[in-house]
>>> print(open('entry.cif').read())   # mmCIF, C-alpha atoms
data_target
#
loop_
_atom_site.group_PDB
_atom_site.id
_atom_site.type_symbol
_atom_site.label_atom_id
_atom_site.label_comp_id
_atom_site.auth_asym_id
_atom_site.auth_seq_id
_atom_site.Cartn_x
_atom_site.Cartn_y
_atom_site.Cartn_z
ATOM 1 C CA MET B 1 30.444 62.308 -57.122
ATOM 2 C CA PRO B 2 31.966 61.968 -60.608
ATOM 3 C CA GLU B 3 33.377 58.685 -61.797
ATOM 4 C CA ASN B 4 37.034 58.154 -60.927
ATOM 5 C CA LYS B 5 39.573 58.536 -63.707
ATOM 6 C CA GLU B 6 40.729 55.256 -65.185
ATOM 7 C CA LYS B 7 43.788 53.904 -63.428
ATOM 8 C CA VAL B 8 46.152 50.978 -63.776
ATOM 9 C CA VAL B 9 44.830 47.981 -61.874
ATOM 10 C CA LYS B 10 47.200 45.198 -60.853
ATOM 11 C CA THR B 11 45.352 43.300 -58.107
ATOM 12 C CA ILE B 12 41.618 42.770 -57.761
ATOM 13 C CA GLY B 13 39.372 41.233 -55.148
ATOM 14 C CA VAL B 14 36.104 39.385 -55.598
ATOM 15 C CA LEU B 15 33.318 39.024 -53.043
ATOM 16 C CA THR B 16 29.713 37.861 -52.814
ATOM 17 C CA SER B 17 27.303 39.930 -50.746
ATOM 18 C CA GLY B 18 23.730 39.696 -49.473
ATOM 19 C CA GLY B 19 21.594 36.652 -50.218
ATOM 20 C CA ASP B 20 23.334 33.801 -52.030
ATOM 21 C CA SER B 21 22.129 32.627 -55.432
ATOM 22 C CA PRO B 22 22.937 29.685 -57.721
ATOM 23 C CA GLY B 23 25.554 30.716 -60.268
ATOM 24 C CA MET B 24 27.613 32.883 -57.943
ATOM 25 C CA ASN B 25 30.391 30.295 -58.047
ATOM 26 C CA ALA B 26 30.383 30.336 -61.838
ATOM 27 C CA ALA B 27 30.804 34.120 -61.691
ATOM 28 C CA ILE B 28 33.645 33.870 -59.155
ATOM 29 C CA ARG B 29 35.379 31.297 -61.352
ATOM 30 C CA ALA B 30 35.109 33.501 -64.429
ATOM 31 C CA VAL B 31 36.346 36.613 -62.621
ATOM 32 C CA VAL B 32 39.384 34.767 -61.277
ATOM 33 C CA ARG B 33 40.377 33.031 -64.493
ATOM 34 C CA LYS B 34 39.768 35.985 -66.842
ATOM 35 C CA ALA B 35 41.598 38.377 -64.533
ATOM 36 C CA ILE B 36 44.592 36.030 -64.352
ATOM 37 C CA ALA B 37 44.515 35.684 -68.136
ATOM 38 C CA ASN B 38 44.597 39.493 -68.304
ATOM 39 C CA GLY B 39 47.731 39.545 -66.134
ATOM 40 C CA LEU B 40 46.120 40.569 -62.851
ATOM 41 C CA ASN B 41 46.512 39.135 -59.367
ATOM 42 C CA VAL B 42 43.303 38.018 -57.659
ATOM 43 C CA LYS B 43 42.290 37.854 -54.020
ATOM 44 C CA GLY B 44 39.112 36.305 -52.658
ATOM 45 C CA ILE B 45 37.266 38.192 -49.932
ATOM 46 C CA LYS B 46 35.262 35.898 -47.664
ATOM 47 C CA LYS B 47 31.828 36.686 -46.171
ATOM 48 C CA GLY B 48 31.115 39.800 -48.227
ATOM 49 C CA TYR B 49 31.773 43.284 -46.898
ATOM 50 C CA GLN B 50 31.919 41.898 -43.344
ATOM 51 C CA GLY B 51 34.828 39.709 -44.386
ATOM 52 C CA LEU B 52 36.539 42.699 -45.992
ATOM 53 C CA LEU B 53 36.337 44.640 -42.724
ATOM 54 C CA ASN B 54 37.622 41.556 -40.870
ATOM 55 C CA GLU B 55 40.438 41.157 -43.426
ATOM 56 C CA GLU B 56 39.359 37.638 -44.368
ATOM 57 C CA ILE B 57 41.294 37.865 -47.623
ATOM 58 C CA ILE B 58 42.938 34.991 -49.485
ATOM 59 C CA ASP B 59 45.077 34.663 -52.607
ATOM 60 C CA MET B 60 43.341 32.933 -55.520
ATOM 61 C CA ASN B 61 44.645 31.225 -58.640
ATOM 62 C CA ARG B 62 43.126 29.136 -61.429
ATOM 63 C CA ARG B 63 43.204 26.057 -59.226
ATOM 64 C CA SER B 64 41.300 27.864 -56.459
ATOM 65 C CA VAL B 65 38.154 27.798 -58.599
ATOM 66 C CA SER B 66 38.423 24.308 -60.073
ATOM 67 C CA GLU B 67 35.302 22.125 -59.871
ATOM 68 C CA ILE B 68 33.053 24.899 -58.511
ATOM 69 C CA ILE B 69 31.001 25.877 -61.571
ATOM 70 C CA GLY B 70 28.251 23.354 -60.751
ATOM 71 C CA LEU B 71 28.050 24.115 -57.034
ATOM 72 C CA GLY B 72 25.199 26.092 -55.513
ATOM 73 C CA GLY B 73 25.817 28.805 -52.939
ATOM 74 C CA THR B 74 29.140 30.639 -52.892
ATOM 75 C CA ILE B 75 32.552 29.246 -51.963
ATOM 76 C CA LEU B 76 33.513 32.668 -50.595
ATOM 77 C CA GLY B 77 30.550 32.796 -48.251
ATOM 78 C CA THR B 78 28.296 35.804 -47.834
ATOM 79 C CA ALA B 79 26.882 37.993 -45.096
ATOM 80 C CA ARG B 80 25.057 41.252 -44.544
ATOM 81 C CA CYS B 81 27.090 44.042 -42.970
ATOM 82 C CA ALA B 82 25.479 46.959 -41.144
ATOM 83 C CA GLU B 83 28.858 48.605 -40.534
ATOM 84 C CA PHE B 84 29.450 48.925 -44.265
ATOM 85 C CA ARG B 85 26.385 51.155 -44.539
ATOM 86 C CA THR B 86 28.237 53.796 -42.516
ATOM 87 C CA GLU B 87 30.821 56.298 -43.771
ATOM 88 C CA GLU B 88 33.343 54.946 -41.253
ATOM 89 C CA GLY B 89 32.816 51.396 -42.496
ATOM 90 C CA ILE B 90 33.340 52.406 -46.124
ATOM 91 C CA LYS B 91 36.552 54.296 -45.319
ATOM 92 C CA LYS B 92 37.835 51.361 -43.270
ATOM 93 C CA GLY B 93 37.081 49.002 -46.174
ATOM 94 C CA ALA B 94 38.961 51.226 -48.625
ATOM 95 C CA GLU B 95 41.965 51.407 -46.293
ATOM 96 C CA ILE B 96 42.006 47.614 -45.954
ATOM 97 C CA CYS B 97 41.932 47.311 -49.748
ATOM 98 C CA ARG B 98 44.943 49.612 -49.992
ATOM 99 C CA LYS B 99 46.726 47.684 -47.222
ATOM 100 C CA HIS B 100 46.327 44.471 -49.239
ATOM 101 C CA LYS B 101 47.191 46.291 -52.501
ATOM 102 C CA ILE B 102 43.713 45.626 -53.903
ATOM 103 C CA ASP B 103 43.081 48.201 -56.634
ATOM 104 C CA GLY B 104 39.605 46.997 -57.626
ATOM 105 C CA ILE B 105 36.787 44.721 -56.485
ATOM 106 C CA VAL B 106 34.091 42.726 -58.236
ATOM 107 C CA VAL B 107 30.967 42.702 -56.066
ATOM 108 C CA ILE B 108 28.413 39.976 -56.809
ATOM 109 C CA GLY B 109 25.039 40.743 -55.227
ATOM 110 C CA GLY B 110 21.929 42.911 -55.388
ATOM 111 C CA ASP B 111 21.065 46.588 -55.098
ATOM 112 C CA GLY B 112 22.310 46.847 -51.507
ATOM 113 C CA SER B 113 25.643 45.395 -52.554
ATOM 114 C CA TYR B 114 25.834 47.915 -55.395
ATOM 115 C CA ARG B 115 25.450 50.788 -52.965
ATOM 116 C CA GLY B 116 28.483 49.534 -51.063
ATOM 117 C CA ALA B 117 30.410 49.233 -54.329
ATOM 118 C CA GLN B 118 29.352 52.736 -55.324
ATOM 119 C CA LYS B 119 30.693 54.187 -52.074
ATOM 120 C CA LEU B 120 33.948 52.204 -52.307
ATOM 121 C CA SER B 121 34.431 53.638 -55.786
ATOM 122 C CA HIS B 122 34.129 57.141 -54.347
ATOM 123 C CA GLU B 123 36.982 56.214 -51.981
ATOM 124 C CA GLY B 124 39.256 55.389 -54.915
ATOM 125 C CA ILE B 125 38.759 51.597 -55.145
ATOM 126 C CA ASN B 126 37.681 50.566 -58.641
ATOM 127 C CA THR B 127 34.438 48.593 -58.374
ATOM 128 C CA ILE B 128 32.318 46.525 -60.749
ATOM 129 C CA GLY B 129 28.959 45.019 -59.746
ATOM 130 C CA LEU B 130 27.456 41.759 -60.979
ATOM 131 C CA PRO B 131 23.697 41.132 -60.526
ATOM 132 C CA GLY B 132 23.565 38.159 -58.156
ATOM 133 C CA THR B 133 20.021 37.637 -56.833
ATOM 134 C CA ILE B 134 17.204 35.156 -57.395
ATOM 135 C CA ASP B 135 14.654 37.985 -57.154
ATOM 136 C CA LEU B 136 15.215 39.521 -60.647
ATOM 137 C CA ASP B 137 14.607 42.900 -59.007
ATOM 138 C CA ILE B 138 17.598 44.837 -60.372
ATOM 139 C CA ALA B 139 16.111 47.379 -62.752
ATOM 140 C CA CYS B 140 18.984 47.759 -65.208
ATOM 141 C CA THR B 141 19.106 44.109 -66.258
ATOM 142 C CA ASP B 142 16.741 41.565 -67.796
ATOM 143 C CA TYR B 143 18.655 38.725 -66.100
ATOM 144 C CA THR B 144 20.090 38.213 -62.632
ATOM 145 C CA ILE B 145 22.384 35.370 -61.604
ATOM 146 C CA GLY B 146 20.360 32.640 -59.892
ATOM 147 C CA PHE B 147 16.859 33.543 -61.096
ATOM 148 C CA ASP B 148 16.679 30.760 -63.673
ATOM 149 C CA THR B 149 17.683 28.072 -61.177
ATOM 150 C CA ALA B 150 15.310 29.433 -58.528
ATOM 151 C CA ILE B 151 12.260 29.412 -60.790
ATOM 152 C CA ASN B 152 13.013 25.898 -61.995
ATOM 153 C CA THR B 153 13.437 24.690 -58.403
ATOM 154 C CA ALA B 154 10.168 26.345 -57.411
ATOM 155 C CA MET B 155 8.344 25.098 -60.503
ATOM 156 C CA GLU B 156 9.256 21.483 -59.777
ATOM 157 C CA ALA B 157 8.192 21.838 -56.133
ATOM 158 C CA ILE B 158 4.864 23.408 -57.117
ATOM 159 C CA ASP B 159 4.174 20.577 -59.572
ATOM 160 C CA LYS B 160 4.555 18.146 -56.682
ATOM 161 C CA VAL B 161 2.256 20.148 -54.411
ATOM 162 C CA ARG B 162 -0.313 20.276 -57.216
ATOM 163 C CA ASP B 163 -0.317 16.452 -57.388
ATOM 164 C CA THR B 164 -1.240 16.052 -53.725
ATOM 165 C CA SER B 165 -3.591 19.032 -53.844
ATOM 166 C CA SER B 166 -5.476 17.312 -56.641
ATOM 167 C CA SER B 167 -5.581 13.990 -54.798
ATOM 168 C CA HIS B 168 -7.096 15.594 -51.689
ATOM 169 C CA GLU B 169 -9.218 18.157 -53.568
ATOM 170 C CA ARG B 170 -7.531 20.977 -51.691
ATOM 171 C CA CYS B 171 -6.746 24.606 -52.185
ATOM 172 C CA SER B 172 -2.984 25.094 -51.878
ATOM 173 C CA ILE B 173 -1.342 28.434 -51.237
ATOM 174 C CA ILE B 174 2.316 28.180 -52.233
ATOM 175 C CA GLU B 175 4.571 31.020 -51.129
ATOM 176 C CA VAL B 176 7.633 31.753 -53.232
ATOM 177 C CA MET B 177 10.556 34.084 -52.540
ATOM 178 C CA GLY B 178 11.296 37.419 -54.174
ATOM 179 C CA ARG B 179 11.292 39.997 -51.343
ATOM 180 C CA GLY B 180 9.209 42.925 -52.640
ATOM 181 C CA ALA B 181 9.236 41.726 -56.254
ATOM 182 C CA GLY B 182 6.791 39.338 -57.903
ATOM 183 C CA TYR B 183 8.894 37.899 -60.741
ATOM 184 C CA ILE B 184 9.286 34.407 -59.260
ATOM 185 C CA ALA B 185 5.540 34.354 -58.552
ATOM 186 C CA LEU B 186 4.762 35.499 -62.103
ATOM 187 C CA TRP B 187 6.979 32.984 -63.857
ATOM 188 C CA CYS B 188 5.954 30.054 -61.666
ATOM 189 C CA GLY B 189 2.300 31.042 -61.682
ATOM 190 C CA VAL B 190 2.224 30.918 -65.473
ATOM 191 C CA ALA B 191 4.521 27.884 -65.803
ATOM 192 C CA ASN B 192 2.589 25.873 -63.193
ATOM 193 C CA GLY B 193 -0.857 26.861 -64.413
ATOM 194 C CA ALA B 194 -1.898 28.418 -61.098
ATOM 195 C CA GLU B 195 -5.478 29.554 -60.661
ATOM 196 C CA ASP B 196 -4.415 32.739 -58.846
ATOM 197 C CA ILE B 197 -1.100 34.617 -58.686
ATOM 198 C CA LEU B 198 -0.549 37.280 -56.033
ATOM 199 C CA PHE B 199 2.102 39.917 -56.803
ATOM 200 C CA PRO B 200 3.238 42.653 -54.384
ATOM 201 C CA GLU B 201 3.166 45.074 -57.328
ATOM 202 C CA LYS B 202 -0.474 44.349 -58.201
ATOM 203 C CA TYR B 203 -2.311 42.706 -55.277
ATOM 204 C CA ASP B 204 -5.188 44.749 -53.824
ATOM 205 C CA TYR B 205 -5.543 42.562 -50.685
ATOM 206 C CA ASN B 206 -9.150 41.767 -51.579
ATOM 207 C CA GLU B 207 -9.378 38.121 -50.511
ATOM 208 C CA GLN B 208 -13.041 38.029 -51.411
ATOM 209 C CA ASN B 209 -12.087 37.990 -55.086
ATOM 210 C CA ILE B 210 -9.984 34.867 -54.479
ATOM 211 C CA ILE B 211 -12.787 33.256 -52.469
ATOM 212 C CA ASN B 212 -15.288 33.996 -55.247
ATOM 213 C CA HIS B 213 -12.902 32.502 -57.801
ATOM 214 C CA ILE B 214 -12.544 29.286 -55.776
ATOM 215 C CA ILE B 215 -16.317 28.960 -55.312
ATOM 216 C CA GLU B 216 -16.980 29.573 -59.021
ATOM 217 C CA ASN B 217 -14.377 26.996 -60.041
ATOM 218 C CA ARG B 218 -15.901 24.443 -57.636
ATOM 219 C CA LYS B 219 -19.309 24.965 -59.252
ATOM 220 C CA GLN B 220 -17.718 24.210 -62.610
ATOM 221 C CA GLY B 221 -16.251 20.944 -61.313
ATOM 222 C CA LYS B 222 -12.726 22.093 -60.466
ATOM 223 C CA LYS B 223 -11.379 19.764 -57.763
ATOM 224 C CA HIS B 224 -8.358 21.758 -56.594
ATOM 225 C CA HIS B 225 -7.089 25.337 -56.610
ATOM 226 C CA ILE B 226 -3.474 26.583 -56.689
ATOM 227 C CA ILE B 227 -2.569 30.055 -55.450
ATOM 228 C CA ILE B 228 0.995 31.312 -55.917
ATOM 229 C CA ASN B 229 1.707 33.912 -53.247
ATOM 230 C CA ALA B 230 4.763 36.158 -53.380
ATOM 231 C CA GLU B 231 6.963 36.626 -50.313
ATOM 232 C CA GLY B 232 6.302 40.364 -50.436
ATOM 233 C CA ILE B 233 2.668 39.630 -49.548
ATOM 234 C CA GLY B 234 3.315 36.701 -47.219
ATOM 235 C CA HIS B 235 1.015 35.562 -44.391
ATOM 236 C CA SER B 236 0.148 32.414 -46.362
ATOM 237 C CA THR B 237 -0.800 30.347 -43.301
ATOM 238 C CA SER B 238 -3.326 32.843 -41.954
ATOM 239 C CA MET B 239 -4.625 33.403 -45.482
ATOM 240 C CA ALA B 240 -5.204 29.638 -45.790
ATOM 241 C CA ARG B 241 -7.242 29.598 -42.586
ATOM 242 C CA ARG B 242 -9.453 32.443 -43.772
ATOM 243 C CA ILE B 243 -10.013 30.921 -47.208
ATOM 244 C CA GLU B 244 -10.892 27.523 -45.755
ATOM 245 C CA ALA B 245 -13.396 29.131 -43.373
ATOM 246 C CA ALA B 246 -14.995 31.106 -46.199
ATOM 247 C CA THR B 247 -15.125 28.355 -48.847
ATOM 248 C CA GLY B 248 -15.340 25.136 -46.854
ATOM 249 C CA MET B 249 -12.526 23.805 -49.042
ATOM 250 C CA GLU B 250 -9.571 22.273 -47.207
ATOM 251 C CA THR B 251 -6.745 24.796 -47.663
ATOM 252 C CA ARG B 252 -3.065 24.360 -46.899
ATOM 253 C CA ALA B 253 -0.100 26.719 -47.081
ATOM 254 C CA THR B 254 3.318 25.629 -48.312
ATOM 255 C CA ILE B 255 6.236 28.041 -47.935
ATOM 256 C CA LEU B 256 9.048 26.961 -50.249
ATOM 257 C CA GLY B 257 11.592 29.200 -48.526
ATOM 258 C CA TYR B 258 15.346 28.913 -48.852
ATOM 259 C CA MET B 259 15.331 25.797 -51.006
ATOM 260 C CA GLN B 260 14.874 28.243 -53.895
ATOM 261 C CA ARG B 261 18.318 29.715 -53.249
ATOM 262 C CA GLY B 262 20.138 26.398 -53.277
ATOM 263 C CA GLY B 263 20.975 23.647 -55.695
ATOM 264 C CA SER B 264 23.195 23.192 -58.711
ATOM 265 C CA PRO B 265 22.729 26.115 -61.139
ATOM 266 C CA THR B 266 21.074 25.608 -64.512
ATOM 267 C CA CYS B 267 23.046 25.843 -67.761
ATOM 268 C CA LYS B 268 21.733 29.381 -68.290
ATOM 269 C CA ASP B 269 22.870 30.543 -64.854
ATOM 270 C CA ARG B 270 26.294 28.956 -65.327
ATOM 271 C CA TYR B 271 26.753 30.442 -68.794
ATOM 272 C CA TYR B 272 25.448 33.948 -68.140
ATOM 273 C CA ALA B 273 27.302 34.203 -64.824
ATOM 274 C CA SER B 274 30.507 33.127 -66.563
ATOM 275 C CA ILE B 275 30.201 35.722 -69.325
ATOM 276 C CA MET B 276 29.291 38.462 -66.847
ATOM 277 C CA GLY B 277 32.233 37.523 -64.613
ATOM 278 C CA ALA B 278 34.617 37.708 -67.560
ATOM 279 C CA ILE B 279 33.256 41.140 -68.539
ATOM 280 C CA ALA B 280 33.742 42.375 -64.963
ATOM 281 C CA ALA B 281 37.384 41.292 -65.029
ATOM 282 C CA ASP B 282 37.878 43.045 -68.379
ATOM 283 C CA LEU B 283 36.319 46.281 -67.107
ATOM 284 C CA LEU B 284 38.685 46.350 -64.126
ATOM 285 C CA THR B 285 41.627 45.550 -66.392
ATOM 286 C CA GLU B 286 40.667 48.602 -68.458
ATOM 287 C CA GLY B 287 40.683 50.734 -65.303
ATOM 288 C CA LYS B 288 36.907 51.221 -65.249
ATOM 289 C CA THR B 289 35.048 51.784 -61.996
ATOM 290 C CA ASN B 290 31.554 52.314 -60.577
ATOM 291 C CA ARG B 291 30.040 50.091 -63.275
ATOM 292 C CA VAL B 292 27.497 47.272 -63.167
ATOM 293 C CA VAL B 293 27.321 44.491 -65.732
ATOM 294 C CA ALA B 294 23.849 43.805 -67.111
ATOM 295 C CA GLN B 295 21.991 41.948 -69.822
ATOM 296 C CA GLN B 296 19.456 43.818 -71.931
ATOM 297 C CA ASN B 297 17.667 42.756 -75.106
ATOM 298 C CA GLY B 298 19.932 39.732 -75.476
ATOM 299 C CA LYS B 299 23.174 41.687 -75.165
ATOM 300 C CA PHE B 300 25.661 42.099 -72.332
ATOM 301 C CA VAL B 301 26.149 45.747 -71.422
ATOM 302 C CA ASP B 302 27.374 47.837 -68.502
ATOM 303 C CA PHE B 303 26.004 50.908 -66.739
ATOM 304 C CA ASP B 304 27.229 53.478 -64.294
ATOM 305 C CA ILE B 305 26.105 52.253 -60.849
ATOM 306 C CA ASP B 306 24.539 55.637 -60.051
ATOM 307 C CA GLU B 307 22.452 55.351 -63.229
ATOM 308 C CA ALA B 308 21.567 51.716 -62.529
ATOM 309 C CA LEU B 309 20.361 52.426 -58.988
ATOM 310 C CA ALA B 310 18.134 55.254 -60.252
ATOM 311 C CA MET B 311 16.266 52.945 -62.656
ATOM 312 C CA GLU B 312 12.874 51.463 -61.788
ATOM 313 C CA LYS B 313 11.369 48.105 -62.694
ATOM 314 C CA SER B 314 7.881 46.642 -62.529
ATOM 315 C CA ILE B 315 5.897 43.635 -63.728
ATOM 316 C CA PRO B 316 5.257 44.128 -67.497
ATOM 317 C CA GLU B 317 1.580 44.980 -67.920
ATOM 318 C CA TYR B 318 1.015 42.615 -70.844
ATOM 319 C CA GLU B 319 2.579 39.665 -69.009
ATOM 320 C CA TYR B 320 0.428 40.462 -65.972
ATOM 321 C CA GLU B 321 -2.749 40.522 -68.079
ATOM 322 C CA VAL B 322 -1.815 37.249 -69.787
ATOM 323 C CA SER B 323 -1.161 35.611 -66.399
ATOM 324 C CA LYS B 324 -4.735 36.429 -65.373
ATOM 325 C CA ILE B 325 -6.211 35.001 -68.585
ATOM 326 C CA LEU B 326 -4.183 31.790 -68.553
#
>>> encode(input="entry.cif", output="structure tokens")
Amino acid sequence: MPENKEKVVKTIGVLTSGGDSPGMNAAIRAVVRKAIANGLNVKGIKKGYQGLLNEEIIDMNRRSVSEIIGLGGTILGTARCAEFRTEEGIKKGAEICRKHKIDGIVVIGGDGSYRGAQKLSHEGINTIGLPGTIDLDIACTDYTIGFDTAINTAMEAIDKVRDTSSSHERCSIIEVMGRGAGYIALWCGVANGAEDILFPEKYDYNEQNIINHIIENRKQGKKHHIIINAEGIGHSTSMARRIEAATGMETRATILGYMQRGGSPTCKDRYYASIMGAIAADLLTEGKTNRVVAQQNGKFVDFDIDEALAMEKSIPEYEYEVSKIL
């Protein structure tokens, strides 16, 4: 459907949807304060689209977002909502927005959250998306809120595992998050000096190559071996058993899990989330809808959500080749 005509917006809502990520609170804070500065009223919607359907809606002012910029998670809470994937759920959400006089919504989340925003826009509610995910898997943007904190959290954890792996002369398989994307694995694999990095986008599931690499390194005097395994591949524990049986080298799996989503956001996540949140508030003030805020080539830009969802993203070939060499 075509983009809605620009309209006067007086009251906006803000929600966080899908998986939480560090920096979401900084984005919420910026949306609220910039919107108020622009003369708008702001309402917080708790627990994502599920909270919208349940009418868990609160008034927000500048004080509502004091002291939250350094907090991990999201003060509004988040959830996944199957009902909002249905036409009935979308129409109900739009009606609730109109009931509460909400003219526009800022949605902070990933691709799934954008699809909900896209459909709300088609129902006449102005919507702006912000890229909130640690996975870096939104094609239209070089940066997503929470990625920087997540990779630093994972990097520090992997350094610690490497210490004990070296002490015990082990092979360690460390599984990082990312769903079907390998960006966390790539960045941590390079930053932590891993011997092998397994990406969903590139892995051929030939464990014999890994086994041969471990055996060759052992012959050359290497005492330990670090494998970064992306969540999209998974099965790290069973992989560890097979590698230990094949190499004779004690092998352990460590799954970092949800710790990567938590913690106080880095300066970059706080800053970028703040600027993106302010831009989202400005776009709604201008009457724009069905847009997503992004960062490309060092600049903040915005795209039509339909266009953004049609884009594709993959591990850069040069960075992949360098990761193998290093």
>>> resolve_selection(input="entry.cif", expression="the PyMOL selection byres ((chain B and resi 52) around 12)", output="CSV table (one decimal) with C-alpha atoms, in the frame of the given file")
chain,number,residue,atom,x,y,z
B,13,GLY,CA,39.4,41.2,-55.1
B,14,VAL,CA,36.1,39.4,-55.6
B,15,LEU,CA,33.3,39.0,-53.0
B,16,THR,CA,29.7,37.9,-52.8
B,17,SER,CA,27.3,39.9,-50.7
B,43,LYS,CA,42.3,37.9,-54.0
B,44,GLY,CA,39.1,36.3,-52.7
B,45,ILE,CA,37.3,38.2,-49.9
B,46,LYS,CA,35.3,35.9,-47.7
B,47,LYS,CA,31.8,36.7,-46.2
B,48,GLY,CA,31.1,39.8,-48.2
B,49,TYR,CA,31.8,43.3,-46.9
B,50,GLN,CA,31.9,41.9,-43.3
B,51,GLY,CA,34.8,39.7,-44.4
B,53,LEU,CA,36.3,44.6,-42.7
B,54,ASN,CA,37.6,41.6,-40.9
B,55,GLU,CA,40.4,41.2,-43.4
B,56,GLU,CA,39.4,37.6,-44.4
B,57,ILE,CA,41.3,37.9,-47.6
B,58,ILE,CA,42.9,35.0,-49.5
B,76,LEU,CA,33.5,32.7,-50.6
B,77,GLY,CA,30.6,32.8,-48.3
B,78,THR,CA,28.3,35.8,-47.8
B,79,ALA,CA,26.9,38.0,-45.1
B,80,ARG,CA,25.1,41.3,-44.5
B,81,CYS,CA,27.1,44.0,-43.0
B,83,GLU,CA,28.9,48.6,-40.5
B,84,PHE,CA,29.4,48.9,-44.3
B,89,GLY,CA,32.8,51.4,-42.5
B,90,ILE,CA,33.3,52.4,-46.1
B,91,LYS,CA,36.6,54.3,-45.3
B,92,LYS,CA,37.8,51.4,-43.3
B,93,GLY,CA,37.1,49.0,-46.2
B,94,ALA,CA,39.0,51.2,-48.6
B,95,GLU,CA,42.0,51.4,-46.3
B,96,ILE,CA,42.0,47.6,-46.0
B,97,CYS,CA,41.9,47.3,-49.7
B,98,ARG,CA,44.9,49.6,-50.0
B,99,LYS,CA,46.7,47.7,-47.2
B,100,HIS,CA,46.3,44.5,-49.2
B,102,ILE,CA,43.7,45.6,-53.9
B,105,ILE,CA,36.8,44.7,-56.5
B,107,VAL,CA,31.0,42.7,-56.1
B,116,GLY,CA,28.5,49.5,-51.1
B,120,LEU,CA,33.9,52.2,-52.3
>>> closest_residue(input="entry.cif", among="B:Ser21, B:Ser66, B:Asn209, B:Asn229", to="Gly132 of chain B", atoms="all atoms listed in the file")
B:Ser21
>>> closest_atom_pairs(input="entry.cif", of="segment 255-308 of chain B", to="segment 121-131 of chain B", cutoff="9 Å", atoms="all atoms listed in the file", output="tab-separated table")
residue	atom	partner	partner_atom	distance
B:Ala273	CA	B:Leu130	CA	8.5
B:Met276	CA	B:Leu130	CA	7.0
B:Gly277	CA	B:Leu130	CA	7.3
B:Ala280	CA	B:Ile128	CA	6.1
B:Ala281	CA	B:Ile128	CA	8.4
B:Leu283	CA	B:Ile128	CA	7.5
B:Leu284	CA	B:Asn126	CA	7.0
B:Gly287	CA	B:Asn126	CA	7.3
B:Lys288	CA	B:Asn126	CA	6.7
B:Thr289	CA	B:Asn126	CA	4.4
B:Asn290	CA	B:Thr127	CA	5.2
B:Arg291	CA	B:Ile128	CA	4.9
B:Val292	CA	B:Gly129	CA	4.3
B:Val293	CA	B:Leu130	CA	5.5
B:Ala294	CA	B:Pro131	CA	7.1
B:Ile305	CA	B:Gly129	CA	7.9
>>> write_last_selection(input="entry.cif", atoms="C-alpha atoms", output="PDB file, keeping the file's coordinate frame")
ATOM      1  CA  ALA B 273      27.302  34.203 -64.824  1.00  0.00           C
ATOM      2  CA  MET B 276      29.291  38.462 -66.847  1.00  0.00           C
ATOM      3  CA  GLY B 277      32.233  37.523 -64.613  1.00  0.00           C
ATOM      4  CA  ALA B 280      33.742  42.375 -64.963  1.00  0.00           C
ATOM      5  CA  ALA B 281      37.384  41.292 -65.029  1.00  0.00           C
ATOM      6  CA  LEU B 283      36.319  46.281 -67.107  1.00  0.00           C
ATOM      7  CA  LEU B 284      38.685  46.350 -64.126  1.00  0.00           C
ATOM      8  CA  GLY B 287      40.683  50.734 -65.303  1.00  0.00           C
ATOM      9  CA  LYS B 288      36.907  51.221 -65.249  1.00  0.00           C
ATOM     10  CA  THR B 289      35.048  51.784 -61.996  1.00  0.00           C
ATOM     11  CA  ASN B 290      31.554  52.314 -60.577  1.00  0.00           C
ATOM     12  CA  ARG B 291      30.040  50.091 -63.275  1.00  0.00           C
ATOM     13  CA  VAL B 292      27.497  47.272 -63.167  1.00  0.00           C
ATOM     14  CA  VAL B 293      27.321  44.491 -65.732  1.00  0.00           C
ATOM     15  CA  ALA B 294      23.849  43.805 -67.111  1.00  0.00           C
ATOM     16  CA  ILE B 305      26.105  52.253 -60.849  1.00  0.00           C
TER      17      ILE B 305
END
>>> closest_residue(input="entry.cif", among="B:Ile145, B:Ile228, B:Val301, B:Ala246", to="Gly182 of chain B", atoms="all atoms listed in the file")
B:Ile228
>>> resolve_selection(input="entry.cif", expression="the PyMOL selection byres ((chain B and resi 157) around 10)", output="ChimeraX atom specification")
/B:151-156,158-162,174,192,254,256,259-260
>>> closest_residue(input="entry.cif", among="B:Asn25, B:Glu231, B:Gly193, B:Gly70", to="Leu326 of chain B", atoms="all atoms listed in the file")
B:Gly193
>>> closest_residue(input="entry.cif", among="B:Gly232, B:Gly104, B:Pro265, B:Gly72", to="Val176 of chain B", atoms="all atoms listed in the file")
B:Gly232
>>> closest_residue(input="entry.cif", among="B:Gln220, B:Asp103, B:Arg261, B:Glu319", to="Lys7 of chain B", atoms="all atoms listed in the file")
B:Asp103
>>> decode(input="entry.cif", residues="segment 237-248 of chain B", atoms="C-alpha atoms", output="tab-separated table (two decimals), in the first residue's frame")
chain	number	residue	atom	x	y	z
B	237	THR	CA	27.81	-29.59	23.24
B	238	SER	CA	27.41	-32.47	20.81
B	239	MET	CA	30.03	-30.91	18.54
B	240	ALA	CA	32.45	-30.85	21.50
B	241	ARG	CA	31.90	-34.55	22.14
B	242	ARG	CA	32.60	-35.44	18.52
B	243	ILE	CA	35.73	-33.28	18.33
B	244	GLU	CA	37.13	-34.71	21.56
B	245	ALA	CA	36.54	-38.26	20.30
B	246	ALA	CA	38.24	-37.50	16.99
B	247	THR	CA	41.24	-35.52	18.30
B	248	GLY	CA	41.81	-36.88	21.80
